[in-house]
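Engineer: Got a structure for you, questions after.
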Amino acid sequence: MTANLQPPALLPTYTPFPFPLLRGERDRVFDPLGRSYWDFYGGHCVASTGHAHPLVAEAIAVQARELIFYSTAAELPVRSRAAKALLDFAESGRDAGMASIFFCNSGAEANENALKMACRLTGRHTFAAFQGGWHGRSTLALSVTDDPAITRPYEPLLAPCLRLPWNDVEALEAADFSGVAGVIMEPIQSMSGIRPASAPFMVKVREKTKAAGAMLIYDEVQTGMGRLGHPFAAGLHGVRPDMITSAKGLASGVPMGALLLSAEAAASVKPGDLGSTFGGGPLACAALLATLTVIRQEGLLQNVFEREREIREAVAGTCVTEVRGSGLLLGLVVPGRAKQLKAHLQDKHILVGGSGDPDALRLMPPLNLTRAAVDALAEAIRTFPAGDSK
(Lines give C-alpha, C1' and ligand atoms only; values in the text may rest on other atoms or scores of the structure.)
Protein backbone atom coordinates (compact mmCIF):
# COMPACT_ATOMS: atom_id res chain seq x y z
CA MET A 1 0.00 0.00 0.00
CA THR A 2 1.29 3.48 -0.88
CA ALA A 3 2.29 5.26 2.33
CA ASN A 4 0.61 8.55 1.49
CA LEU A 5 -2.57 7.04 0.09
CA GLN A 6 -5.53 8.49 1.98
CA PRO A 7 -8.53 6.13 1.98
CA PRO A 8 -12.01 7.60 1.71
CA ALA A 9 -13.96 8.21 4.90
CA LEU A 10 -16.70 5.94 3.53
CA LEU A 11 -15.38 2.69 2.09
CA PRO A 12 -16.79 1.94 -1.38
CA THR A 13 -19.16 -1.01 -1.78
CA TYR A 14 -21.26 -0.87 -4.94
CA THR A 15 -20.58 1.56 -7.75
CA PRO A 16 -23.11 4.32 -7.01
CA PHE A 17 -25.31 6.25 -9.40
CA PRO A 18 -23.44 9.22 -10.91
CA PHE A 19 -25.62 11.58 -8.85
CA PRO A 20 -26.53 11.73 -5.16
CA LEU A 21 -30.09 11.33 -3.94
CA LEU A 22 -31.62 13.79 -1.53
CA ARG A 23 -35.21 12.71 -1.00
CA GLY A 24 -37.96 10.42 -2.25
CA GLU A 25 -41.69 10.41 -2.78
CA ARG A 26 -43.68 7.26 -3.52
CA ASP A 27 -42.06 5.72 -6.65
CA ARG A 28 -39.67 8.61 -7.40
CA VAL A 29 -36.40 9.84 -5.95
CA PHE A 30 -34.84 13.28 -6.35
CA ASP A 31 -31.29 14.54 -6.63
CA PRO A 32 -30.03 17.80 -5.04
CA LEU A 33 -30.84 19.70 -8.26
CA GLY A 34 -34.49 18.67 -7.97
CA ARG A 35 -34.39 16.23 -10.88
CA SER A 36 -36.70 13.24 -10.38
CA TYR A 37 -36.10 9.60 -11.28
CA TRP A 38 -38.66 6.82 -11.55
CA ASP A 39 -37.41 4.18 -9.13
CA PHE A 40 -37.72 0.65 -10.52
CA TYR A 41 -34.76 -0.39 -8.37
CA GLY A 42 -36.37 0.35 -5.00
CA GLY A 43 -33.09 0.71 -3.14
CA HIS A 44 -32.48 -2.94 -4.08
CA CYS A 45 -35.96 -4.30 -3.47
CA VAL A 46 -36.36 -2.50 -0.12
CA ALA A 47 -38.79 0.41 -0.62
CA SER A 48 -41.95 -1.70 -0.37
CA THR A 49 -44.31 1.19 0.40
CA GLY A 50 -42.38 3.69 -1.67
CA HIS A 51 -40.26 6.53 -0.40
CA ALA A 52 -41.20 8.56 2.67
CA HIS A 53 -44.70 7.18 2.95
CA PRO A 54 -46.48 9.53 5.39
CA LEU A 55 -48.01 6.75 7.46
CA VAL A 56 -44.68 4.93 7.85
CA ALA A 57 -42.80 8.14 8.62
CA GLU A 58 -45.36 9.15 11.24
CA ALA A 59 -45.28 5.72 12.88
CA ILE A 60 -41.49 5.94 13.20
CA ALA A 61 -41.69 9.47 14.61
CA VAL A 62 -44.35 8.54 17.17
CA GLN A 63 -42.36 5.51 18.31
CA ALA A 64 -39.15 7.54 18.52
CA ARG A 65 -40.82 9.94 20.92
CA GLU A 66 -41.94 7.03 23.12
CA LEU A 67 -39.01 4.58 23.12
CA ILE A 68 -36.24 4.43 20.53
CA PHE A 69 -34.69 1.23 21.76
CA TYR A 70 -34.69 -1.57 24.24
CA SER A 71 -33.35 -5.06 23.67
CA THR A 72 -35.22 -8.33 24.15
CA ALA A 73 -34.22 -8.20 27.81
CA ALA A 74 -37.61 -6.50 28.12
CA GLU A 75 -40.95 -7.38 26.59
CA LEU A 76 -42.20 -4.57 24.36
CA PRO A 77 -45.84 -4.32 23.26
CA VAL A 78 -44.82 -2.98 19.85
CA ARG A 79 -42.56 -6.00 19.28
CA SER A 80 -45.29 -8.46 20.23
CA ARG A 81 -47.80 -6.69 17.96
CA ALA A 82 -45.32 -6.74 15.08
CA ALA A 83 -44.71 -10.49 15.41
CA LYS A 84 -48.43 -11.26 15.52
CA ALA A 85 -49.15 -8.96 12.57
CA LEU A 86 -46.42 -10.48 10.42
CA LEU A 87 -47.61 -14.02 11.14
CA ASP A 88 -51.19 -13.01 10.32
CA PHE A 89 -50.00 -11.47 7.06
CA ALA A 90 -48.02 -14.58 6.13
CA GLU A 91 -51.09 -16.74 6.70
CA SER A 92 -53.55 -14.37 5.00
CA GLY A 93 -52.83 -15.76 1.58
CA ARG A 94 -52.05 -19.40 0.99
CA ASP A 95 -51.21 -21.54 4.01
CA ALA A 96 -47.56 -20.75 4.70
CA GLY A 97 -47.56 -22.83 7.88
CA MET A 98 -45.59 -20.43 10.10
CA ALA A 99 -46.13 -20.13 13.87
CA SER A 100 -43.25 -18.16 15.47
CA ILE A 101 -40.87 -15.33 14.58
CA PHE A 102 -37.33 -14.34 15.48
CA PHE A 103 -36.53 -10.74 14.58
CA CYS A 104 -33.05 -9.73 13.47
CA ASN A 105 -31.52 -6.99 11.30
CA SER A 106 -30.93 -8.22 7.74
CA GLY A 107 -31.49 -10.97 5.23
CA ALA A 108 -28.01 -12.39 5.81
CA GLU A 109 -28.67 -12.57 9.55
CA ALA A 110 -32.02 -14.23 8.97
CA ASN A 111 -30.44 -16.84 6.69
CA GLU A 112 -27.53 -17.36 9.09
CA ASN A 113 -29.92 -18.15 11.92
CA ALA A 114 -32.11 -20.35 9.75
CA LEU A 115 -29.10 -22.47 8.81
CA LYS A 116 -27.97 -22.61 12.45
CA MET A 117 -31.44 -23.75 13.47
CA ALA A 118 -31.35 -26.46 10.80
CA CYS A 119 -28.16 -27.79 12.43
CA ARG A 120 -29.72 -27.69 15.90
CA LEU A 121 -32.89 -29.42 14.79
CA THR A 122 -31.22 -32.21 12.79
CA GLY A 123 -27.82 -32.66 14.43
CA ARG A 124 -26.25 -32.40 10.96
CA HIS A 125 -23.75 -29.85 9.65
CA THR A 126 -23.94 -30.03 5.86
CA PHE A 127 -26.22 -27.90 3.70
CA ALA A 128 -27.66 -28.06 0.20
CA ALA A 129 -28.29 -25.11 -2.09
CA PHE A 130 -28.61 -24.36 -5.78
CA GLN A 131 -26.55 -23.00 -8.62
CA GLY A 132 -27.27 -19.29 -8.99
CA GLY A 133 -28.48 -18.88 -5.40
CA TRP A 134 -27.50 -15.80 -3.39
CA HIS A 135 -28.10 -15.76 0.36
CA GLY A 136 -25.83 -13.18 1.98
CA ARG A 137 -22.31 -12.38 3.19
CA SER A 138 -22.18 -13.86 6.70
CA THR A 139 -20.29 -17.14 7.10
CA LEU A 140 -23.05 -19.73 6.79
CA ALA A 141 -24.92 -17.58 4.26
CA LEU A 142 -21.73 -17.45 2.17
CA SER A 143 -21.47 -21.23 2.46
CA VAL A 144 -24.70 -21.63 0.48
CA THR A 145 -24.22 -18.66 -1.88
CA ASP A 146 -23.11 -19.37 -5.45
CA ASP A 147 -20.92 -16.34 -6.15
CA PRO A 148 -17.19 -17.18 -6.30
CA ALA A 149 -16.20 -13.50 -6.35
CA ILE A 150 -17.34 -13.12 -2.75
CA THR A 151 -17.02 -16.70 -1.46
CA ARG A 152 -13.54 -17.72 -2.70
CA PRO A 153 -11.50 -15.65 -0.17
CA TYR A 154 -13.28 -17.41 2.71
CA GLU A 155 -13.47 -20.99 1.44
CA PRO A 156 -11.53 -22.51 4.40
CA LEU A 157 -14.14 -21.04 6.77
CA LEU A 158 -17.25 -22.18 4.91
CA ALA A 159 -19.49 -25.11 5.80
CA PRO A 160 -19.87 -28.08 3.43
CA CYS A 161 -22.58 -27.48 0.84
CA LEU A 162 -24.04 -29.76 -1.79
CA ARG A 163 -24.60 -27.56 -4.85
CA LEU A 164 -27.37 -28.70 -7.19
CA PRO A 165 -28.53 -27.50 -10.64
CA TRP A 166 -31.44 -25.08 -10.62
CA ASN A 167 -34.83 -26.33 -11.78
CA ASP A 168 -33.42 -29.79 -12.58
CA VAL A 169 -35.93 -32.27 -11.18
CA GLU A 170 -33.90 -35.30 -12.30
CA ALA A 171 -30.73 -34.11 -10.55
CA LEU A 172 -32.80 -33.34 -7.48
CA GLU A 173 -34.31 -36.81 -7.52
CA ALA A 174 -30.82 -38.33 -7.56
CA ALA A 175 -29.47 -36.14 -4.73
CA ASP A 176 -28.80 -37.68 -1.31
CA PHE A 177 -30.06 -35.45 1.53
CA SER A 178 -29.57 -38.04 4.27
CA GLY A 179 -26.69 -36.07 5.80
CA VAL A 180 -28.07 -32.61 5.02
CA ALA A 181 -29.25 -30.30 7.79
CA GLY A 182 -31.09 -27.83 5.59
CA VAL A 183 -31.86 -27.07 1.96
CA ILE A 184 -32.15 -23.36 1.23
CA MET A 185 -33.73 -21.92 -1.90
CA GLU A 186 -35.14 -18.68 -3.28
CA PRO A 187 -38.56 -19.16 -4.91
CA ILE A 188 -37.21 -16.73 -7.52
CA GLN A 189 -33.46 -16.36 -7.83
CA SER A 190 -33.01 -12.61 -8.12
CA MET A 191 -29.29 -11.86 -8.31
CA SER A 192 -28.70 -14.40 -11.08
CA GLY A 193 -31.21 -12.70 -13.37
CA ILE A 194 -34.75 -13.45 -12.05
CA ARG A 195 -35.02 -17.22 -12.39
CA PRO A 196 -38.25 -18.63 -10.92
CA ALA A 197 -38.42 -22.14 -9.51
CA SER A 198 -40.89 -24.28 -11.41
CA ALA A 199 -43.84 -25.78 -9.56
CA PRO A 200 -42.64 -29.39 -10.05
CA PHE A 201 -39.19 -28.40 -8.76
CA MET A 202 -40.58 -26.77 -5.61
CA VAL A 203 -42.80 -29.77 -4.91
CA LYS A 204 -39.91 -32.19 -5.41
CA VAL A 205 -37.63 -30.23 -3.05
CA ARG A 206 -40.29 -30.52 -0.35
CA GLU A 207 -40.75 -34.25 -0.98
CA LYS A 208 -37.01 -34.90 -0.82
CA THR A 209 -36.38 -32.88 2.33
CA LYS A 210 -39.29 -34.49 4.19
CA ALA A 211 -38.13 -37.96 3.25
CA ALA A 212 -34.57 -37.24 4.41
CA GLY A 213 -35.47 -35.37 7.59
CA ALA A 214 -33.81 -32.18 6.30
CA MET A 215 -35.19 -28.69 6.92
CA LEU A 216 -36.52 -26.75 3.93
CA ILE A 217 -35.71 -23.03 4.15
CA TYR A 218 -37.34 -20.53 1.81
CA ASP A 219 -35.15 -17.47 1.37
CA GLU A 220 -37.88 -14.88 0.81
CA VAL A 221 -35.71 -11.86 1.47
CA GLN A 222 -36.84 -10.52 -1.91
CA THR A 223 -39.97 -12.53 -2.75
CA GLY A 224 -41.73 -11.84 0.55
CA MET A 225 -43.84 -8.98 1.89
CA GLY A 226 -46.22 -8.97 -1.04
CA ARG A 227 -43.70 -8.54 -3.83
CA LEU A 228 -45.21 -11.37 -5.86
CA GLY A 229 -48.78 -10.25 -5.19
CA HIS A 230 -49.01 -12.84 -2.42
CA PRO A 231 -47.84 -12.27 1.16
CA PHE A 232 -45.06 -14.84 0.65
CA ALA A 233 -44.25 -17.51 -1.91
CA ALA A 234 -44.54 -20.13 0.83
CA GLY A 235 -47.78 -22.00 0.35
CA LEU A 236 -47.71 -21.69 -3.44
CA HIS A 237 -48.19 -25.10 -5.10
CA GLY A 238 -49.08 -26.49 -1.67
CA VAL A 239 -45.47 -26.32 -0.47
CA ARG A 240 -44.96 -25.36 3.19
CA PRO A 241 -41.30 -24.90 4.15
CA ASP A 242 -40.01 -25.41 7.67
CA MET A 243 -38.64 -21.87 7.81
CA ILE A 244 -38.96 -18.61 5.89
CA THR A 245 -36.42 -15.80 5.95
CA SER A 246 -37.45 -12.23 5.20
CA ALA A 247 -35.90 -8.75 5.16
CA LYS A 248 -35.64 -6.04 2.46
CA GLY A 249 -39.17 -4.58 2.39
CA LEU A 250 -40.23 -5.71 5.87
CA ALA A 251 -40.09 -2.24 7.40
CA SER A 252 -40.07 0.01 4.30
CA GLY A 253 -36.36 0.71 4.58
CA VAL A 254 -35.75 0.59 8.32
CA PRO A 255 -33.21 -2.26 8.70
CA MET A 256 -35.04 -5.42 9.75
CA GLY A 257 -34.89 -9.15 9.18
CA ALA A 258 -37.10 -11.99 10.32
CA LEU A 259 -36.91 -15.74 10.63
CA LEU A 260 -40.35 -17.36 10.54
CA LEU A 261 -40.59 -20.91 11.84
CA SER A 262 -43.24 -23.60 11.60
CA ALA A 263 -44.71 -24.87 14.86
CA GLU A 264 -42.66 -28.05 14.54
CA ALA A 265 -39.40 -26.15 14.01
CA ALA A 266 -40.12 -23.67 16.80
CA ALA A 267 -41.15 -26.29 19.37
CA SER A 268 -37.62 -27.14 20.48
CA VAL A 269 -36.18 -23.60 20.49
CA LYS A 270 -35.10 -22.58 23.98
CA PRO A 271 -34.22 -19.14 25.37
CA GLY A 272 -30.65 -18.38 24.36
CA ASP A 273 -30.67 -20.50 21.20
CA LEU A 274 -31.20 -17.34 19.13
CA GLY A 275 -30.21 -13.81 19.93
CA SER A 276 -29.80 -10.33 18.43
CA THR A 277 -29.18 -7.10 20.32
CA PHE A 278 -30.93 -4.85 17.84
CA GLY A 279 -33.32 -7.37 16.29
CA GLY A 280 -36.94 -6.35 16.75
CA GLY A 281 -36.09 -2.85 17.89
CA PRO A 282 -39.06 -0.55 18.55
CA LEU A 283 -38.47 1.70 15.52
CA ALA A 284 -38.25 -1.25 13.14
CA CYS A 285 -41.33 -2.89 14.66
CA ALA A 286 -43.33 0.33 14.35
CA ALA A 287 -42.24 0.62 10.72
CA LEU A 288 -43.22 -3.01 10.06
CA LEU A 289 -46.67 -2.48 11.52
CA ALA A 290 -47.14 0.65 9.40
CA THR A 291 -45.88 -1.18 6.30
CA LEU A 292 -48.46 -3.92 6.76
CA THR A 293 -51.18 -1.31 7.29
CA VAL A 294 -50.26 0.45 4.05
CA ILE A 295 -50.20 -2.82 2.11
CA ARG A 296 -53.67 -3.68 3.39
CA GLN A 297 -55.35 -0.26 3.28
CA GLU A 298 -54.01 0.73 -0.14
CA GLY A 299 -54.60 -2.62 -1.81
CA LEU A 300 -50.96 -3.05 -2.78
CA LEU A 301 -51.17 -6.79 -3.44
CA GLN A 302 -53.72 -6.11 -6.17
CA ASN A 303 -51.62 -3.19 -7.41
CA VAL A 304 -48.70 -5.60 -7.85
CA PHE A 305 -50.73 -7.78 -10.20
CA GLU A 306 -52.03 -4.80 -12.18
CA ARG A 307 -48.61 -3.20 -12.62
CA GLU A 308 -47.06 -6.54 -13.62
CA ARG A 309 -49.67 -6.94 -16.36
CA GLU A 310 -49.08 -3.39 -17.58
CA ILE A 311 -45.31 -3.83 -17.65
CA ARG A 312 -45.57 -7.04 -19.64
CA GLU A 313 -47.94 -5.40 -22.13
CA ALA A 314 -45.80 -2.25 -22.35
CA VAL A 315 -42.56 -4.01 -23.33
CA ALA A 316 -44.13 -6.43 -25.81
CA GLY A 317 -42.68 -5.94 -29.28
CA THR A 318 -39.65 -3.95 -28.05
CA CYS A 319 -36.01 -4.92 -27.60
CA VAL A 320 -37.13 -6.91 -24.55
CA THR A 321 -37.40 -10.52 -25.72
CA GLU A 322 -38.62 -12.02 -22.44
CA VAL A 323 -40.03 -10.91 -19.08
CA ARG A 324 -39.06 -13.30 -16.31
CA GLY A 325 -40.40 -13.48 -12.80
CA SER A 326 -43.64 -12.61 -11.10
CA GLY A 327 -45.37 -9.64 -9.51
CA LEU A 328 -42.93 -6.78 -9.12
CA LEU A 329 -39.81 -8.92 -9.14
CA LEU A 330 -39.25 -8.97 -12.89
CA GLY A 331 -36.34 -9.53 -15.25
CA LEU A 332 -36.20 -7.80 -18.64
CA VAL A 333 -34.15 -9.91 -21.04
CA VAL A 334 -32.33 -7.88 -23.71
CA PRO A 335 -29.82 -10.20 -25.38
CA GLY A 336 -26.41 -8.59 -25.77
CA ARG A 337 -27.64 -5.09 -24.89
CA ALA A 338 -28.86 -5.09 -21.30
CA LYS A 339 -25.98 -2.91 -20.11
CA GLN A 340 -26.67 -0.35 -22.82
CA LEU A 341 -30.39 -0.34 -22.05
CA LYS A 342 -29.66 0.23 -18.36
CA ALA A 343 -27.55 3.28 -19.23
CA HIS A 344 -30.23 4.53 -21.65
CA LEU A 345 -32.93 4.22 -19.00
CA GLN A 346 -30.78 6.08 -16.49
CA ASP A 347 -30.34 8.88 -19.04
CA LYS A 348 -34.15 8.97 -19.23
CA HIS A 349 -34.30 9.26 -15.43
CA ILE A 350 -35.37 5.67 -14.80
CA LEU A 351 -33.47 3.51 -12.32
CA VAL A 352 -33.29 -0.27 -12.78
CA GLY A 353 -30.98 -3.00 -11.50
CA GLY A 354 -28.44 -5.17 -13.23
CA SER A 355 -27.91 -8.85 -12.46
CA GLY A 356 -25.46 -11.72 -12.73
CA ASP A 357 -27.00 -12.50 -16.13
CA PRO A 358 -25.47 -10.03 -18.60
CA ASP A 359 -28.64 -10.18 -20.69
CA ALA A 360 -31.09 -9.37 -17.89
CA LEU A 361 -32.11 -6.21 -16.03
CA ARG A 362 -34.10 -6.37 -12.81
CA LEU A 363 -37.21 -4.42 -11.83
CA MET A 364 -37.84 -4.28 -8.05
CA PRO A 365 -39.93 -1.13 -7.62
CA PRO A 366 -42.13 -0.05 -4.71
CA LEU A 367 -45.34 -2.05 -4.42
CA ASN A 368 -47.29 1.19 -4.87
CA LEU A 369 -45.76 1.76 -8.30
CA THR A 370 -47.93 4.03 -10.43
CA ARG A 371 -49.17 3.68 -13.99
CA ALA A 372 -47.28 6.90 -14.79
CA ALA A 373 -44.02 5.15 -13.93
CA VAL A 374 -44.89 2.21 -16.18
CA ASP A 375 -45.73 4.59 -19.03
CA ALA A 376 -42.39 6.36 -18.59
CA LEU A 377 -40.56 3.02 -18.66
CA ALA A 378 -42.40 1.94 -21.80
CA GLU A 379 -41.65 5.20 -23.60
CA ALA A 380 -37.97 5.04 -22.66
CA ILE A 381 -37.63 1.45 -23.89
CA ARG A 382 -39.37 2.31 -27.16
CA THR A 383 -36.84 5.10 -27.76
CA PHE A 384 -33.86 2.80 -27.16
CA PRO A 385 -31.90 2.98 -30.40
CA ALA A 386 -31.33 -0.19 -32.37
CA GLY A 387 -27.73 -1.30 -32.58
CA ASP A 388 -25.33 -4.17 -32.58
CA SER A 389 -24.60 -6.12 -29.41
CA LYS A 390 -21.39 -5.14 -27.65
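Identifiers in this document derive from the order of the C-alpha coordinates: chains are assigned A, B, ..., residues are numbered from 1 separately in each chain, and ligands are numbered from 1 in order of occurrence.
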Might you pull out every residue within 9 Å of Val183 of chain A, with only C-alpha atoms counted and same-chain residues fewer than 4 positions away left off, and present them as a list in words?

Structural biologist: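 In the requested format, the answer is Leu115, Ala118, Phe127, Ala128, Ala129, Phe130, Phe177, Val205, Thr209, Ala214, Met215, Leu216, Ile217 and Tyr218 of chain A.
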
Engineer: If you run DSSP on this backbone, which residues of segment 132-371 of chain A come out as strand (DSSP E), and could you give them as a PyMOL selection string?

Structural biologist: chain A and resi 161-164+180-185+188-189+195-196+215-219+243-246+257-261+322-326+329-333+350-351+360-363

Engineer: For segment 33-50 of chain A, list every protein, DNA or RNA residue within 7 Å, evaluated using only C-alpha atoms, and leave out those in the same chain fewer than 4 positions away; present the list as a list of chain:residue names.

Structural biologist: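 In the requested format, the answer is A:Glu25, A:Arg26, A:Asp27, A:Arg28, A:Val29, A:Gln222, A:Lys248, A:Gly249, A:Ser252, A:Gly253, A:Thr291, A:His349, A:Ile350, A:Leu351, A:Val352, A:Gly353, A:Leu363, A:Met364, A:Pro365, A:Pro366, A:Leu367, A:Asn368, A:Ala373.
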
Engineer: Pick out each residue of segment 196-243 of chain A that DSSP on the backbone tags as helix (DSSP H, G or I); I need them as a PyMOL selection string.

Structural biologist: chain A and resi 199-212+236-238

Engineer: Would you pick out the contacts of Phe19 of chain A at 10 Å or less, using only C-alpha atoms, so that residues sharing its chain but fewer than 4 positions from it are not included, and give the list as a list in words?

Structural biologist: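 Once the nearby chain positions are removed, what remains is Phe30, Asp31, Pro32 and Leu33 of chain A.
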
Engineer: Taking only C-alpha atoms into account, which of A:Arg240, A:Arg324, A:Lys204, A:Arg296 comes nearest Ala171 of chain A?

Structural biologist: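 Checking each of A:Arg240, A:Arg324, A:Lys204, A:Arg296 against Ala171 of chain A, counting only C-alpha atoms, the winner is A:Lys204.
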
Engineer: In terms of the shortest atom-to-atom distance over only C-alpha atoms, which of A:Leu300, A:Leu11, A:Ile295, A:Ala149 is closest to Thr370 of chain A?

Structural biologist: A:Leu300

Engineer: Which is closer to Gly224 of chain A than all the others in A:Ala96, A:Leu55, A:Cys161, A:Met202, using only C-alpha atoms?

Structural biologist: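 Among A:Ala96, A:Leu55, A:Cys161, A:Met202, it is A:Ala96 that comes nearest to Gly224 of chain A.
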
Engineer: Which one of A:Gly331, A:Gly275, A:Gly325, A:Gly238 sits closest to Val203 of chain A if you count only C-alpha atoms?

Structural biologist: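 Looking only at the distances to Val203 of chain A, the closest residue turns out to be A:Gly238.
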
Engineer: Identify, on the basis of only C-alpha atoms, every residue whose closest approach to Gln63 of chain A does not exceed 8 Å; exclude the query and any residue fewer than 3 positions from it along the same chain; express the result as number ranges by chain.

Structural biologist: A: 59-60, 66-68, 282-283, 286

Engineer: Quick one: residues within 9 Å of Ser355 of chain A, only C-alpha atoms, excluding same-chain residues fewer than 6 positions away - as a list in words?

Structural biologist: Ser190, Met191, Ser192, Gly193, Ile194, Gly331, Leu361 and Arg362 of chain A

Engineer: Give me, as number ranges by chain, all polymer residues having an atom no more than 7 Å from Leu261 of chain A, counting only C-alpha atoms and skipping those fewer than 3 positions away in the same chain.

Structural biologist: A: 98-101, 242-244, 265-266

Engineer: Rank nothing, just name the residue among A:Ser138, A:Thr383, A:Thr321, A:Ser198 nearest to Ala110 of chain A, using only C-alpha atoms.

Structural biologist: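 With only C-alpha atoms as the atom set, the closest residue is A:Ser138.
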
Engineer: Out of A:Glu75, A:Asp357, A:Glu109, A:Asp147, which residue has the shortest atom-to-atom distance to Gly279 of chain A when counting only C-alpha atoms?

Structural biologist: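 Once distances to Gly279 of chain A are computed over only C-alpha atoms, the minimum belongs to A:Glu109.
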
Engineer: Could you tell me how far atom CA of Phe102 of chain A lies from atom CA of Gly280 of chain A, in Å and to one decimal?

Structural biologist: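 Here the two named atoms are 8.1 Å from each other.
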